[in-house]
Amino acid sequence: MSNKTYELKAEARAQVGKGSARELRRNGFIPAVIYGDKQDPISIVLSRNEVTKKIHAGGFLTTLATIVVDGKKHSVLPKDFQLDPVRDFLMHVDFLRVSKDTQVTVEVPVHFENDEKSPGIKRGGVLNIVRHTVECHCPADAIPDAITVDLTGLEIGDGIHISHVTLPKGVHPTITDRDFTIATIAAPAGLKSEDNAAGDVAEGDSEE
């Protein structure tokens with residue numbers, strides 16, 4: 001799990017509509033909804049400050065939470081949130097109910113390790129990250145912190161594909177029709193220039 005689970009206290013939202021939502025926001029609250037798990041959705045009210053802190057802490061969309069509404073606890077996973085396009089403050093949050101059998105689709109961040117053990121990087125190669133996250137299906141109660149890529153032994157020109165990565169049990173990429181690239185070890189700009197110059201010389205020799 002990406003971060004330690006946390007608890008938020010909420011109140012059931014009796015009134016819905018734009019006017020009601022604006023009044024909530026003026027008073028430091030935000031409207032939100034809990035849905036899914038074959039149950040009716042619940043409109044709720046949350047402290048904007050509390051939720052904003054959780055978003056800024058990182059891993060918001062991959063961390064399970066418990067929301068207490070009128071004494072009843074709901075296990076949820078944040079699925080989406082909206083920010084004001086001008087002032088950038090939190091406007092609304094959607095929460096998905098989860099149970100031990102719930103499967104979710106999440107963007108899992110990719111972390112790289114052992115760059116000091118990559119001969120290509122030691123020679124000046126550059127880690128070119130193609131995917132900073134990988135979309136995965138996984139159990140809601142077992143979302144991984146990250147997908148870890150080991151750079152040990154990689155040379156300039158090598159590519160890291162999803163098949164090279166050991167995923168945690170129960171975690172599967174949503175893309176299944178190809179062995180997609182996560183990163184490559186690219187040649188440094190200086191080496192590319194030297195290679196181009198060498199190629200130009202070779203072409204000139206062949207024309208004489």
# chains A, B, ... in the order shown; residues from 1 in each chain; ligands from 1
$ select_by_dssp --residues "chain A" --states "alpha helix (DSSP H)" --output "ChimeraX atom specification"
/A:18-26,48-56,119-122,189-207
$ residues_around --residues "Asp94 (chain A)" --least-positions-apart "6" --cutoff "9 Å" --atoms "only C-alpha atoms" --output "number ranges by chain"
A: 32-35, 77-82
$ closest_residue --among "A:Lys169, A:Arg123, A:Lys4, A:His111" --to "Lys54 (chain A)" --atoms "only C-alpha atoms"
A:Lys4
$ select_by_dssp --residues "region 133-183 of chain A" --states "strand (DSSP E or B)" --output "list in words"
Thr133, Val134, Glu135, Cys136, His137, Cys138, Pro139, Ile147, Thr148, Val149, Asp150, Gly159, Ile160, His161, His172, Pro173, Thr181, Ile182 and Ala183 of chain A
$ atom_distance --atom1 "CA of Glu7 (chain A)" --atom2 "CA of His132 (chain A)"
28.7 Å
$ closest_residue --among "A:Thr174, A:Glu155, A:Phe112, A:Pro119" --to "His137 (chain A)" --atoms "only C-alpha atoms"
A:Thr174
$ closest_residue --among "A:Gly36, A:Gly170, A:Pro188, A:Gly28" --to "Arg48 (chain A)" --atoms "only C-alpha atoms"
A:Gly28
$ residues_around --residues "region 66-70 of chain A" --least-positions-apart "4" --cutoff "9 Å" --atoms "only C-alpha atoms" --output "list in words"
Thr5, Tyr6, Glu7, Leu8, Lys9, Ala10, Glu11, Ala12, Ile44, His74, Ser75, Val76 and Leu77 of chain A
$ residues_around --residues "Ala140 (chain A)" --least-positions-apart "3" --cutoff "8 Å" --atoms "only C-alpha atoms" --output "list of chain:residue names"
A:Leu64, A:Leu77, A:Val98, A:Ser99, A:Lys100, A:Asp101, A:Thr102, A:Gln103, A:Val104, A:Ile143
$ closest_residue --among "A:Thr148, A:Lys73, A:Leu90, A:Gly17" --to "Lys53 (chain A)" --atoms "only C-alpha atoms"
A:Leu90
$ residues_around --residues "Pro173 (chain A)" --least-positions-apart "4" --cutoff "10 Å" --atoms "only C-alpha atoms" --output "PDB file with N, CA, C and O atoms, in the first residue's frame"
ATOM      1  N   THR A 105      -8.245  -0.139 -10.735  1.00  0.00           N
ATOM      2  CA  THR A 105      -7.265   0.259 -11.745  1.00  0.00           C
ATOM      3  C   THR A 105      -6.607   1.542 -11.269  1.00  0.00           C
ATOM      4  O   THR A 105      -7.291   2.544 -11.027  1.00  0.00           O
ATOM      5  N   VAL A 106      -5.282   1.509 -11.115  1.00  0.00           N
ATOM      6  CA  VAL A 106      -4.557   2.667 -10.580  1.00  0.00           C
ATOM      7  C   VAL A 106      -3.283   2.906 -11.380  1.00  0.00           C
ATOM      8  O   VAL A 106      -2.755   1.996 -12.035  1.00  0.00           O
ATOM      9  N   GLU A 107      -2.801   4.137 -11.310  1.00  0.00           N
ATOM     10  CA  GLU A 107      -1.503   4.489 -11.891  1.00  0.00           C
ATOM     11  C   GLU A 107      -0.434   4.302 -10.807  1.00  0.00           C
ATOM     12  O   GLU A 107      -0.434   5.014  -9.803  1.00  0.00           O
ATOM     13  N   VAL A 108       0.457   3.336 -11.008  1.00  0.00           N
ATOM     14  CA  VAL A 108       1.503   3.046 -10.023  1.00  0.00           C
ATOM     15  C   VAL A 108       2.801   3.727 -10.461  1.00  0.00           C
ATOM     16  O   VAL A 108       3.248   3.530 -11.604  1.00  0.00           O
ATOM     17  N   VAL A 134       2.761   3.327 -14.424  1.00  0.00           N
ATOM     18  CA  VAL A 134       2.201   2.233 -15.218  1.00  0.00           C
ATOM     19  C   VAL A 134       0.798   1.953 -14.683  1.00  0.00           C
ATOM     20  O   VAL A 134       0.612   1.753 -13.477  1.00  0.00           O
ATOM     21  N   GLU A 135      -0.173   1.956 -15.568  1.00  0.00           N
ATOM     22  CA  GLU A 135      -1.545   1.665 -15.154  1.00  0.00           C
ATOM     23  C   GLU A 135      -1.691   0.167 -14.907  1.00  0.00           C
ATOM     24  O   GLU A 135      -1.354  -0.642 -15.775  1.00  0.00           O
ATOM     25  N   CYS A 136      -2.206  -0.185 -13.733  1.00  0.00           N
ATOM     26  CA  CYS A 136      -2.295  -1.593 -13.337  1.00  0.00           C
ATOM     27  C   CYS A 136      -3.658  -1.937 -12.756  1.00  0.00           C
ATOM     28  O   CYS A 136      -4.346  -1.077 -12.199  1.00  0.00           O
ATOM     29  N   HIS A 137      -4.032  -3.211 -12.904  1.00  0.00           N
ATOM     30  CA  HIS A 137      -5.152  -3.787 -12.152  1.00  0.00           C
ATOM     31  C   HIS A 137      -4.553  -4.443 -10.913  1.00  0.00           C
ATOM     32  O   HIS A 137      -3.556  -5.165 -11.008  1.00  0.00           O
ATOM     33  N   CYS A 138      -5.174  -4.243  -9.750  1.00  0.00           N
ATOM     34  CA  CYS A 138      -4.674  -4.888  -8.542  1.00  0.00           C
ATOM     35  C   CYS A 138      -5.756  -4.889  -7.470  1.00  0.00           C
ATOM     36  O   CYS A 138      -6.744  -4.145  -7.559  1.00  0.00           O
ATOM     37  N   ILE A 162       8.278  -3.889 -19.809  1.00  0.00           N
ATOM     38  CA  ILE A 162       7.480  -4.371 -18.686  1.00  0.00           C
ATOM     39  C   ILE A 162       7.787  -5.830 -18.360  1.00  0.00           C
ATOM     40  O   ILE A 162       7.694  -6.252 -17.209  1.00  0.00           O
ATOM     41  N   LEU A 167       6.437  -7.821 -11.015  1.00  0.00           N
ATOM     42  CA  LEU A 167       5.328  -7.129 -10.361  1.00  0.00           C
ATOM     43  C   LEU A 167       4.876  -7.905  -9.128  1.00  0.00           C
ATOM     44  O   LEU A 167       4.982  -9.138  -9.094  1.00  0.00           O
TER      45      LEU A 167
END
$ closest_atom_pairs --of "region 50-140 of chain A" --to "region 176-181 of chain A" --cutoff "10 Å" --atoms "only C-alpha atoms" --output "tab-separated table"
residue	atom	partner	partner_atom	distance
A:Ile129	CA	A:Thr181	CA	9.0
A:Val130	CA	A:Thr181	CA	6.7
A:Arg131	CA	A:Thr181	CA	7.6
$ atom_distance --atom1 "CA of Pro168 (chain A)" --atom2 "CA of Lys117 (chain A)"
23.5 Å
